[in-house]
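Student: Hey, dropping upload_34.txt in here, compact mmCIF, C-alpha atoms and all ligand atoms:
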```txt
# COMPACT_ATOMS: atom_id res chain seq x y z
CA MET F 137 -58.67 -22.83 -160.91
CA LYS F 138 -56.54 -24.91 -163.28
CA ALA F 139 -56.78 -28.72 -163.52
CA LEU F 140 -55.72 -31.67 -165.66
CA VAL F 141 -58.88 -32.87 -167.40
CA TYR F 142 -59.45 -36.22 -169.13
CA HIS F 143 -61.24 -35.84 -172.47
CA GLY F 144 -61.46 -39.47 -173.56
CA PRO F 145 -58.73 -41.94 -174.58
CA GLY F 146 -55.48 -40.20 -175.44
CA LYS F 147 -56.89 -36.72 -174.78
CA LYS F 148 -56.17 -34.48 -171.83
CA SER F 149 -55.63 -30.78 -171.17
CA TRP F 150 -54.54 -28.39 -168.43
CA GLU F 151 -57.49 -26.05 -168.36
CA GLU F 152 -59.72 -23.74 -166.34
CA LYS F 153 -62.34 -25.51 -164.15
CA PRO F 154 -64.59 -24.18 -161.37
CA LYS F 155 -62.96 -24.29 -157.94
CA PRO F 156 -64.64 -27.06 -155.90
CA GLY F 157 -66.86 -26.17 -152.97
CA ILE F 158 -68.24 -28.03 -149.93
CA ASN F 159 -71.05 -30.39 -151.06
CA LYS F 160 -71.61 -32.26 -147.80
CA PRO F 161 -70.81 -31.29 -144.19
CA THR F 162 -68.17 -34.08 -144.07
CA ASP F 163 -66.18 -32.57 -147.00
CA ALA F 164 -62.99 -30.55 -146.93
CA ILE F 165 -61.47 -28.46 -149.70
CA VAL F 166 -57.71 -28.91 -149.96
CA LYS F 167 -55.30 -26.63 -151.82
CA ILE F 168 -52.77 -28.92 -153.51
CA LEU F 169 -49.12 -28.34 -152.66
CA LYS F 170 -47.61 -31.43 -154.30
CA THR F 171 -49.08 -34.18 -156.43
CA THR F 172 -47.85 -36.94 -158.74
CA ILE F 173 -48.87 -39.15 -161.66
CA CYS F 174 -49.68 -42.83 -161.08
CA GLY F 175 -49.39 -45.75 -163.47
CA THR F 176 -53.16 -46.02 -163.03
CA ASP F 177 -53.51 -42.53 -164.53
CA LEU F 178 -51.75 -43.81 -167.66
CA HIS F 179 -54.29 -46.66 -167.80
CA ILE F 180 -57.07 -44.06 -167.56
CA MET F 181 -55.49 -42.06 -170.38
CA LYS F 182 -55.47 -45.17 -172.58
CA GLY F 183 -59.16 -45.67 -171.91
CA ASP F 184 -58.64 -48.84 -169.83
CA LEU F 185 -60.94 -47.62 -167.03
CA PRO F 186 -64.32 -46.94 -168.64
CA ASP F 187 -65.83 -45.62 -165.38
CA VAL F 188 -63.72 -42.49 -165.81
CA THR F 189 -65.87 -40.15 -167.90
CA GLU F 190 -64.90 -37.25 -170.14
CA GLY F 191 -64.42 -34.02 -168.25
CA ARG F 192 -63.08 -35.75 -165.14
CA ILE F 193 -60.15 -34.20 -163.26
CA ILE F 194 -57.85 -37.13 -162.53
CA GLY F 195 -55.16 -37.79 -159.90
CA HIS F 196 -55.42 -39.47 -156.51
CA GLU F 197 -52.13 -38.76 -154.73
CA GLY F 198 -50.87 -35.61 -153.06
CA VAL F 199 -50.32 -33.34 -150.08
CA GLY F 200 -51.94 -29.98 -149.48
CA ILE F 201 -53.31 -27.35 -147.13
CA VAL F 202 -56.87 -27.46 -145.80
CA GLU F 203 -58.64 -24.48 -147.34
CA GLU F 204 -62.17 -25.00 -146.02
CA THR F 205 -64.02 -27.63 -143.98
CA GLY F 206 -67.68 -28.69 -143.78
CA THR F 207 -69.51 -28.28 -140.48
CA ALA F 208 -69.18 -31.99 -139.59
CA VAL F 209 -65.38 -32.12 -140.01
CA SER F 210 -63.82 -32.14 -136.55
CA ASN F 211 -60.31 -33.51 -137.07
CA PHE F 212 -58.97 -30.89 -139.51
CA LYS F 213 -58.87 -27.09 -139.58
CA LYS F 214 -58.17 -24.49 -142.25
CA GLY F 215 -54.44 -24.02 -142.73
CA GLU F 216 -53.38 -27.51 -141.65
CA HIS F 217 -51.10 -29.54 -143.92
CA VAL F 218 -52.44 -32.97 -144.91
CA ILE F 219 -51.70 -36.16 -146.85
CA ILE F 220 -54.56 -37.05 -149.20
CA SER F 221 -55.32 -40.78 -149.20
CA CYS F 222 -56.13 -42.33 -152.57
CA ILE F 223 -58.95 -44.17 -150.77
CA THR F 224 -62.00 -42.30 -149.49
CA SER F 225 -63.68 -43.89 -146.48
CA CYS F 226 -66.70 -42.97 -144.38
CA GLY F 227 -65.41 -44.89 -141.35
CA LYS F 228 -68.95 -46.03 -140.50
CA CYS F 229 -70.14 -48.62 -143.01
CA GLU F 230 -69.78 -52.40 -142.69
CA PHE F 231 -66.62 -52.54 -144.83
CA CYS F 232 -64.97 -49.56 -143.09
CA LYS F 233 -65.68 -51.20 -139.73
CA LYS F 234 -63.73 -54.24 -140.98
CA GLY F 235 -60.81 -52.02 -142.01
CA MET F 236 -61.64 -52.65 -145.65
CA TYR F 237 -61.74 -48.97 -146.64
CA SER F 238 -61.22 -49.88 -150.29
CA HIS F 239 -64.77 -51.17 -150.38
CA CYS F 240 -66.39 -48.36 -148.36
CA GLU F 241 -70.06 -48.24 -149.37
CA ASP F 242 -69.78 -44.51 -150.08
CA GLY F 243 -66.10 -44.30 -150.96
CA GLY F 244 -63.24 -46.61 -151.90
CA TRP F 245 -61.11 -45.54 -154.86
CA ILE F 246 -63.28 -42.73 -156.19
CA LEU F 247 -60.81 -39.84 -156.22
CA GLY F 248 -59.74 -38.99 -159.76
CA ASN F 249 -61.94 -41.87 -160.89
CA LEU F 250 -65.63 -41.34 -160.08
CA ILE F 251 -65.15 -37.84 -158.60
CA ASP F 252 -62.71 -35.06 -159.48
CA GLY F 253 -59.17 -35.73 -158.30
CA CYS F 254 -56.07 -33.90 -157.22
CA GLN F 255 -54.10 -33.06 -160.37
CA ALA F 256 -55.54 -29.60 -159.84
CA GLU F 257 -55.02 -26.49 -157.75
CA TYR F 258 -57.84 -27.51 -155.38
CA VAL F 259 -59.67 -30.75 -154.63
CA ARG F 260 -62.80 -31.67 -152.67
CA ILE F 261 -62.17 -34.55 -150.24
CA PRO F 262 -65.31 -36.39 -149.02
CA TYR F 263 -65.25 -37.79 -145.45
CA ALA F 264 -62.25 -35.63 -144.71
CA ASP F 265 -61.92 -36.84 -141.11
CA ASN F 266 -61.22 -40.38 -142.32
CA SER F 267 -59.59 -39.71 -145.70
CA LEU F 268 -56.89 -37.18 -144.77
CA TYR F 269 -53.83 -37.52 -142.50
CA HIS F 270 -52.08 -34.76 -140.55
CA ILE F 271 -48.57 -33.67 -141.54
CA PRO F 272 -46.52 -32.28 -138.66
CA ALA F 273 -44.48 -29.09 -139.16
CA GLY F 274 -41.05 -29.68 -140.67
CA ALA F 275 -41.89 -33.02 -142.32
CA ASP F 276 -40.57 -33.75 -145.81
CA GLU F 277 -43.81 -33.31 -147.72
CA GLU F 278 -42.41 -34.57 -151.00
CA ALA F 279 -41.61 -37.93 -149.43
CA LEU F 280 -45.08 -38.06 -147.88
CA VAL F 281 -46.74 -37.96 -151.32
CA MET F 282 -45.59 -41.59 -151.55
CA LEU F 283 -47.97 -42.37 -148.68
CA SER F 284 -51.08 -41.44 -150.67
CA ASP F 285 -50.99 -44.65 -152.66
CA ILE F 286 -47.79 -46.45 -153.61
CA LEU F 287 -46.33 -47.31 -150.20
CA PRO F 288 -49.57 -48.68 -148.69
CA THR F 289 -50.36 -50.43 -151.99
CA GLY F 290 -46.97 -52.16 -152.25
CA PHE F 291 -47.08 -53.03 -148.57
CA GLU F 292 -50.70 -54.16 -148.11
CA CYS F 293 -51.39 -55.85 -151.46
CA GLY F 294 -47.86 -57.21 -151.93
CA VAL F 295 -45.98 -57.70 -148.66
CA LEU F 296 -48.83 -58.28 -146.18
CA ASN F 297 -50.99 -60.37 -148.49
CA GLY F 298 -47.91 -62.30 -149.60
CA GLN F 299 -47.09 -62.96 -145.92
CA VAL F 300 -43.39 -62.23 -146.36
CA LYS F 301 -41.46 -63.76 -143.44
CA PRO F 302 -37.86 -63.59 -142.15
CA GLY F 303 -35.64 -65.82 -144.26
CA ASP F 304 -38.06 -66.02 -147.19
CA THR F 305 -37.08 -65.95 -150.81
CA LEU F 306 -39.18 -63.25 -152.41
CA ALA F 307 -39.63 -62.43 -156.08
CA ILE F 308 -41.07 -59.12 -157.23
CA ILE F 309 -42.16 -59.02 -160.85
CA GLY F 310 -42.23 -55.44 -162.09
CA ALA F 311 -39.83 -52.72 -160.91
CA GLY F 312 -42.09 -49.72 -161.41
CA PRO F 313 -42.98 -47.46 -158.46
CA ILE F 314 -45.35 -50.04 -156.93
CA GLY F 315 -42.88 -52.92 -157.27
CA MET F 316 -40.23 -50.66 -155.72
CA ALA F 317 -42.61 -49.81 -152.85
CA ALA F 318 -43.05 -53.55 -152.24
CA LEU F 319 -39.27 -53.96 -152.40
CA LEU F 320 -38.69 -51.23 -149.79
CA THR F 321 -41.46 -52.33 -147.39
CA SER F 322 -40.73 -56.08 -147.69
CA GLN F 323 -37.46 -55.40 -145.87
CA PHE F 324 -39.41 -54.76 -142.62
CA TYR F 325 -39.55 -58.58 -142.53
CA THR F 326 -35.95 -59.34 -143.53
CA PRO F 327 -36.47 -61.79 -146.38
CA ALA F 328 -33.21 -63.64 -147.12
CA GLU F 329 -33.33 -63.15 -150.88
CA ILE F 330 -35.21 -60.56 -152.92
CA ILE F 331 -35.25 -61.23 -156.65
CA VAL F 332 -36.54 -58.35 -158.78
CA ILE F 333 -37.58 -59.11 -162.37
CA ASP F 334 -38.18 -56.48 -165.07
CA THR F 335 -37.14 -55.74 -168.65
CA ASP F 336 -35.75 -52.26 -167.92
CA GLU F 337 -32.06 -52.39 -167.03
CA ASN F 338 -32.12 -48.96 -165.37
CA ARG F 339 -34.95 -49.93 -163.05
CA LEU F 340 -33.15 -53.16 -162.16
CA ALA F 341 -30.02 -51.17 -161.29
CA VAL F 342 -32.13 -48.93 -159.05
CA ALA F 343 -33.73 -52.02 -157.44
CA LYS F 344 -30.23 -53.22 -156.48
CA THR F 345 -29.60 -49.95 -154.63
CA PHE F 346 -32.96 -50.40 -152.85
CA GLY F 347 -32.06 -53.83 -151.47
CA ALA F 348 -32.67 -56.41 -154.21
CA THR F 349 -30.22 -59.29 -153.77
CA HIS F 350 -30.72 -60.50 -157.36
CA THR F 351 -32.08 -58.83 -160.47
CA ILE F 352 -33.21 -60.59 -163.62
CA ASN F 353 -33.71 -58.89 -166.96
CA ASN F 354 -36.50 -60.90 -168.59
CA THR F 355 -36.10 -59.39 -172.06
CA ASP F 356 -35.02 -62.86 -173.23
CA GLY F 357 -38.03 -64.49 -171.52
CA LYS F 358 -35.80 -66.75 -169.41
CA ALA F 359 -36.65 -65.43 -165.94
CA GLU F 360 -38.17 -68.74 -164.84
CA GLU F 361 -34.90 -70.60 -165.50
CA ALA F 362 -32.92 -67.90 -163.71
CA VAL F 363 -35.16 -68.03 -160.61
CA MET F 364 -34.98 -71.83 -160.48
CA LYS F 365 -31.19 -71.61 -160.62
CA ILE F 366 -31.11 -69.13 -157.71
CA THR F 367 -33.53 -71.26 -155.63
CA ASN F 368 -31.95 -74.66 -156.46
CA GLY F 369 -35.08 -75.66 -158.32
CA LYS F 370 -37.42 -75.02 -155.37
CA GLY F 371 -39.05 -71.78 -156.48
CA VAL F 372 -39.77 -68.78 -154.28
CA ASP F 373 -41.77 -68.49 -151.05
CA VAL F 374 -43.55 -65.33 -152.18
CA ALA F 375 -44.12 -63.94 -155.68
CA ILE F 376 -45.48 -60.39 -155.92
CA GLU F 377 -47.02 -59.44 -159.26
CA ALA F 378 -46.67 -55.68 -159.88
CA VAL F 379 -47.34 -55.34 -163.60
CA GLY F 380 -50.89 -56.44 -164.40
CA VAL F 381 -50.67 -58.63 -167.51
CA SER F 382 -51.14 -62.36 -168.02
CA ALA F 383 -47.49 -63.09 -168.85
CA THR F 384 -46.19 -61.70 -165.55
CA PHE F 385 -48.89 -63.45 -163.53
CA GLU F 386 -48.06 -66.72 -165.29
CA LEU F 387 -44.40 -66.14 -164.43
CA CYS F 388 -45.46 -65.97 -160.74
CA GLU F 389 -47.28 -69.29 -161.20
CA ALA F 390 -44.16 -70.80 -162.79
CA ILE F 391 -41.70 -69.73 -160.09
CA ILE F 392 -43.78 -70.19 -156.93
CA GLY F 393 -42.50 -72.88 -154.59
CA ALA F 394 -44.68 -75.41 -152.74
CA GLY F 395 -46.64 -73.71 -149.96
CA GLY F 396 -45.94 -70.29 -151.48
CA HIS F 397 -48.00 -67.14 -151.81
CA ILE F 398 -48.71 -65.28 -155.03
CA ALA F 399 -49.78 -61.74 -154.16
CA ASN F 400 -51.26 -59.81 -157.05
CA ILE F 401 -50.97 -56.01 -157.08
CA GLY F 402 -51.20 -55.31 -160.83
CA VAL F 403 -54.27 -53.68 -162.37
CA HIS F 404 -55.46 -56.29 -164.89
CA GLY F 405 -57.43 -55.18 -167.92
CA LYS F 406 -57.60 -58.70 -169.39
CA SER F 407 -58.01 -62.25 -168.10
CA VAL F 408 -54.97 -64.27 -167.04
CA THR F 409 -54.28 -67.97 -167.45
CA LEU F 410 -54.49 -69.95 -164.25
CA HIS F 411 -52.37 -73.11 -164.51
CA MET F 412 -54.36 -75.31 -162.16
CA GLU F 413 -52.79 -78.36 -163.83
CA THR F 414 -49.54 -77.54 -162.03
CA LEU F 415 -50.81 -75.56 -159.03
CA TRP F 416 -53.61 -77.78 -157.69
CA SER F 417 -51.39 -79.99 -155.53
CA ARG F 418 -48.82 -77.40 -154.46
CA ASN F 419 -50.51 -75.67 -151.47
CA ILE F 420 -50.41 -72.28 -153.16
CA THR F 421 -52.29 -69.22 -151.93
CA ILE F 422 -53.24 -66.57 -154.47
CA THR F 423 -54.40 -63.19 -153.16
CA THR F 424 -55.89 -60.09 -154.75
CA ARG F 425 -56.60 -56.76 -153.09
CA LEU F 426 -57.32 -53.12 -153.60
CA VAL F 427 -55.31 -51.05 -151.15
CA ASP F 428 -57.22 -50.21 -147.96
CA THR F 429 -54.66 -47.67 -146.70
CA ILE F 430 -55.14 -48.95 -143.13
CA THR F 431 -51.33 -49.10 -142.77
CA THR F 432 -50.82 -45.44 -143.69
CA PRO F 433 -50.37 -44.28 -140.05
CA MET F 434 -47.80 -47.03 -139.41
CA LEU F 435 -45.96 -46.30 -142.67
CA PHE F 436 -46.00 -42.59 -141.82
CA LYS F 437 -44.06 -43.32 -138.62
CA THR F 438 -41.46 -45.36 -140.49
CA VAL F 439 -40.98 -42.50 -142.98
CA GLN F 440 -40.71 -39.91 -140.18
CA SER F 441 -38.07 -42.04 -138.42
CA LYS F 442 -36.24 -42.58 -141.75
CA LYS F 443 -36.54 -46.37 -141.46
CA LEU F 444 -38.22 -46.05 -144.83
CA GLU F 445 -37.01 -43.46 -147.35
CA PRO F 446 -39.58 -43.23 -150.12
CA LYS F 447 -37.96 -40.05 -151.42
CA LYS F 448 -35.58 -42.37 -153.28
CA LEU F 449 -38.47 -43.11 -155.64
CA ILE F 450 -38.70 -39.50 -156.87
CA THR F 451 -36.76 -38.99 -160.10
CA HIS F 452 -38.29 -35.87 -161.67
CA HIS F 453 -39.75 -32.51 -160.60
CA PHE F 454 -42.13 -30.22 -162.47
CA LYS F 455 -44.34 -27.26 -161.68
CA LEU F 456 -48.00 -28.23 -161.56
CA ASP F 457 -48.76 -26.23 -164.73
CA GLN F 458 -46.14 -28.34 -166.59
CA ILE F 459 -48.22 -31.45 -165.97
CA VAL F 460 -48.75 -32.31 -169.64
CA GLU F 461 -44.96 -32.40 -170.07
CA ALA F 462 -44.71 -34.48 -166.87
CA TYR F 463 -47.12 -37.04 -168.39
CA GLU F 464 -44.81 -37.28 -171.42
CA THR F 465 -41.84 -38.00 -169.17
CA PHE F 466 -43.69 -40.49 -166.97
CA GLY F 467 -45.26 -42.15 -170.02
CA ASN F 468 -41.75 -42.74 -171.45
CA ALA F 469 -40.41 -44.06 -168.16
CA ALA F 470 -37.73 -46.35 -169.63
CA LYS F 471 -36.25 -43.66 -171.88
CA GLU F 472 -36.54 -40.92 -169.23
CA LYS F 473 -35.42 -43.19 -166.35
CA ALA F 474 -38.53 -42.08 -164.48
CA LEU F 475 -40.05 -43.58 -161.34
CA LYS F 476 -42.13 -40.96 -159.54
CA VAL F 477 -42.54 -37.38 -160.74
CA ILE F 478 -43.42 -34.62 -158.29
CA LEU F 479 -45.57 -31.69 -159.40
CA THR F 480 -45.45 -28.61 -157.19
CA ASN F 481 -48.21 -26.01 -157.11
CA GLU F 482 -46.31 -22.74 -156.74
ZN ZN F 501 -51.85 -44.15 -157.64
ZN ZN F 502 -67.35 -46.73 -145.35
```
Show me the file's structure as structure tokens.
Ligand SMILES: [Zn+2]
Ligand SMILES: [Zn+2]

Tutor:
Amino acid sequence: MKALVYHGPGKKSWEEKPKPGINKPTDAIVKILKTTICGTDLHIMKGDLPDVTEGRIIGHEGVGIVEETGTAVSNFKKGEHVIISCITSCGKCEFCKKGMYSHCEDGGWILGNLIDGCQAEYVRIPYADNSLYHIPAGADEEALVMLSDILPTGFECGVLNGQVKPGDTLAIIGAGPIGMAALLTSQFYTPAEIIVIDTDENRLAVAKTFGATHTINNTDGKAEEAVMKITNGKGVDVAIEAVGVSATFELCEAIIGAGGHIANIGVHGKSVTLHMETLWSRNITITTRLVDTITTPMLFKTVQSKKLEPKKLITHHFKLDQIVEAYETFGNAAKEKALKVILTNE
């Protein structure tokens, strides 16, 4: 089969690899129908995630058809269409029993990281019963790719951890796919104001169409002043960080109001500055989280009922064998006006 293989920082190729087989009775082999590229994959390509070794097939989001199942898989059969979760979970260990699938003792985020992923024609999914989700006939499978990672990530790490409530003033820093997923799912809770901050004017314009009440272009570095003006100097109730660098986290610290929540989503490669000199007395809660994907079934229902329309996030389409070109487009997101790219295995 063909797959996108990581060959060290800056190096990748679409090349021939052996088709995966069943290793354990709990495995399933899935033929990929549609997959996408994540911001995390760009971090991998830069060499930011040293656990990803040379020769690894990357990718952790997609939908497909079950090709083969191990003898212990009871929930899925050959020929069924499935959503692949970015998180692998055994369903039995201490963390899984707490709903903290991200820290499964034999899983977590391993797909396209510690084991071969789904930017390929076929992928092996461990603990298939717990790590795949059924797709009913007639569903919009392209939209469901957004359920593999970005919707549960934006919702769980941003909206739920940030405890967004009706009437809140919410700021989302970073209008990439994850920030947009937080923007879409935050509206389940009807915040009064949603301020989206980025430096890309196109993404800010898109955020407006997705429900942002205010957008701030922070190219001039004056977002803090702008937020304070909007909030009459009080700051926001919830600040969601969806970039993953110190400057954007410090912006959250600067704009958070008393009693507020800072919910981090960003993947941080470096330390950030914690301004305890201003935060210590302000009743602030700071949260971090890796997505558990426990809300995937709930989010699936909201997509099926069109309460949530993640298809809006898809800006580009490629065939799976054009994946190197798709990386170019996604890697130049501002110039290409790219959010999510869909790769179809034809
Ligand atoms: Zn992802
Ligand atoms: Zn587990």

Student: One number please: atom CA of F:Glu329 to atom CA of F:Gly369, in Å, one decimal.

Tutor: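 Interatomic distance, atom CA of F:Glu329 to atom CA of F:Gly369: 14.7 Å.
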
Student: Calculated over all atoms listed in the file, which of the candidates F:Cys226, F:Val427, F:Ile201, F:Ile478 has the smallest distance to ligand ZN 502 (chain F)?

Tutor: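 For ligand ZN 502 (chain F), the nearest of the candidates is F:Cys226.
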
Student: Please compute the atom CA of F:Lys167-atom CA of F:Gly200 distance, one decimal, in Å.

Tutor: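 Separation of atom CA of F:Lys167 and atom CA of F:Gly200: 5.3 Å.
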
Student: I'd like the neighbourhood of F:Ser322 as an mmCIF file with C-alpha atoms, in the coordinates of the input, where a residue qualifies if any of its atoms comes within 12 Å (using only C-alpha atoms), though same-chain residues fewer than 2 positions away should be ignored.

Tutor:
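Full text of result_19.cif as output:
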```cif
data_model
loop_
_atom_site.group_PDB
_atom_site.id
_atom_site.type_symbol
_atom_site.label_atom_id
_atom_site.label_comp_id
_atom_site.auth_asym_id
_atom_site.auth_seq_id
_atom_site.Cartn_x
_atom_site.Cartn_y
_atom_site.Cartn_z
ATOM 1 C CA LEU F 287 -46.330 -47.310 -150.200
ATOM 2 C CA PRO F 288 -49.570 -48.680 -148.690
ATOM 3 C CA THR F 289 -50.360 -50.430 -151.990
ATOM 4 C CA GLY F 290 -46.970 -52.160 -152.250
ATOM 5 C CA PHE F 291 -47.080 -53.030 -148.570
ATOM 6 C CA GLU F 292 -50.700 -54.160 -148.110
ATOM 7 C CA CYS F 293 -51.390 -55.850 -151.460
ATOM 8 C CA GLY F 294 -47.860 -57.210 -151.930
ATOM 9 C CA VAL F 295 -45.980 -57.700 -148.660
ATOM 10 C CA LEU F 296 -48.830 -58.280 -146.180
ATOM 11 C CA ASN F 297 -50.990 -60.370 -148.490
ATOM 12 C CA GLY F 298 -47.910 -62.300 -149.600
ATOM 13 C CA GLN F 299 -47.090 -62.960 -145.920
ATOM 14 C CA VAL F 300 -43.390 -62.230 -146.360
ATOM 15 C CA LYS F 301 -41.460 -63.760 -143.440
ATOM 16 C CA PRO F 302 -37.860 -63.590 -142.150
ATOM 17 C CA GLY F 303 -35.640 -65.820 -144.260
ATOM 18 C CA ASP F 304 -38.060 -66.020 -147.190
ATOM 19 C CA THR F 305 -37.080 -65.950 -150.810
ATOM 20 C CA LEU F 306 -39.180 -63.250 -152.410
ATOM 21 C CA ALA F 307 -39.630 -62.430 -156.080
ATOM 22 C CA ILE F 308 -41.070 -59.120 -157.230
ATOM 23 C CA ILE F 314 -45.350 -50.040 -156.930
ATOM 24 C CA GLY F 315 -42.880 -52.920 -157.270
ATOM 25 C CA MET F 316 -40.230 -50.660 -155.720
ATOM 26 C CA ALA F 317 -42.610 -49.810 -152.850
ATOM 27 C CA ALA F 318 -43.050 -53.550 -152.240
ATOM 28 C CA LEU F 319 -39.270 -53.960 -152.400
ATOM 29 C CA LEU F 320 -38.690 -51.230 -149.790
ATOM 30 C CA PHE F 324 -39.410 -54.760 -142.620
ATOM 31 C CA TYR F 325 -39.550 -58.580 -142.530
ATOM 32 C CA THR F 326 -35.950 -59.340 -143.530
ATOM 33 C CA PRO F 327 -36.470 -61.790 -146.380
ATOM 34 C CA ALA F 328 -33.210 -63.640 -147.120
ATOM 35 C CA GLU F 329 -33.330 -63.150 -150.880
ATOM 36 C CA ILE F 330 -35.210 -60.560 -152.920
ATOM 37 C CA ILE F 331 -35.250 -61.230 -156.650
ATOM 38 C CA PHE F 346 -32.960 -50.400 -152.850
ATOM 39 C CA GLY F 347 -32.060 -53.830 -151.470
ATOM 40 C CA ALA F 348 -32.670 -56.410 -154.210
ATOM 41 C CA VAL F 374 -43.550 -65.330 -152.180
ATOM 42 C CA ALA F 375 -44.120 -63.940 -155.680
ATOM 43 C CA ILE F 376 -45.480 -60.390 -155.920
ATOM 44 C CA LEU F 444 -38.220 -46.050 -144.830
#
```

Student: Select the residues contacting ligand ZN 502 (chain F) at a distance of at most 10 Å, based on only C-alpha atoms and all ligand atoms, then format the selection as a list in words.

Tutor: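 Sorted by chain and then by number, the residues are Thr224, Ser225, Cys226, Gly227, Lys228, Cys229, Glu230, Phe231, Cys232, Lys233, Lys234, Gly235, Met236, Tyr237, Ser238, His239, Cys240, Glu241, Asp242, Gly243, Gly244, Tyr263 and Asn266 of chain F.
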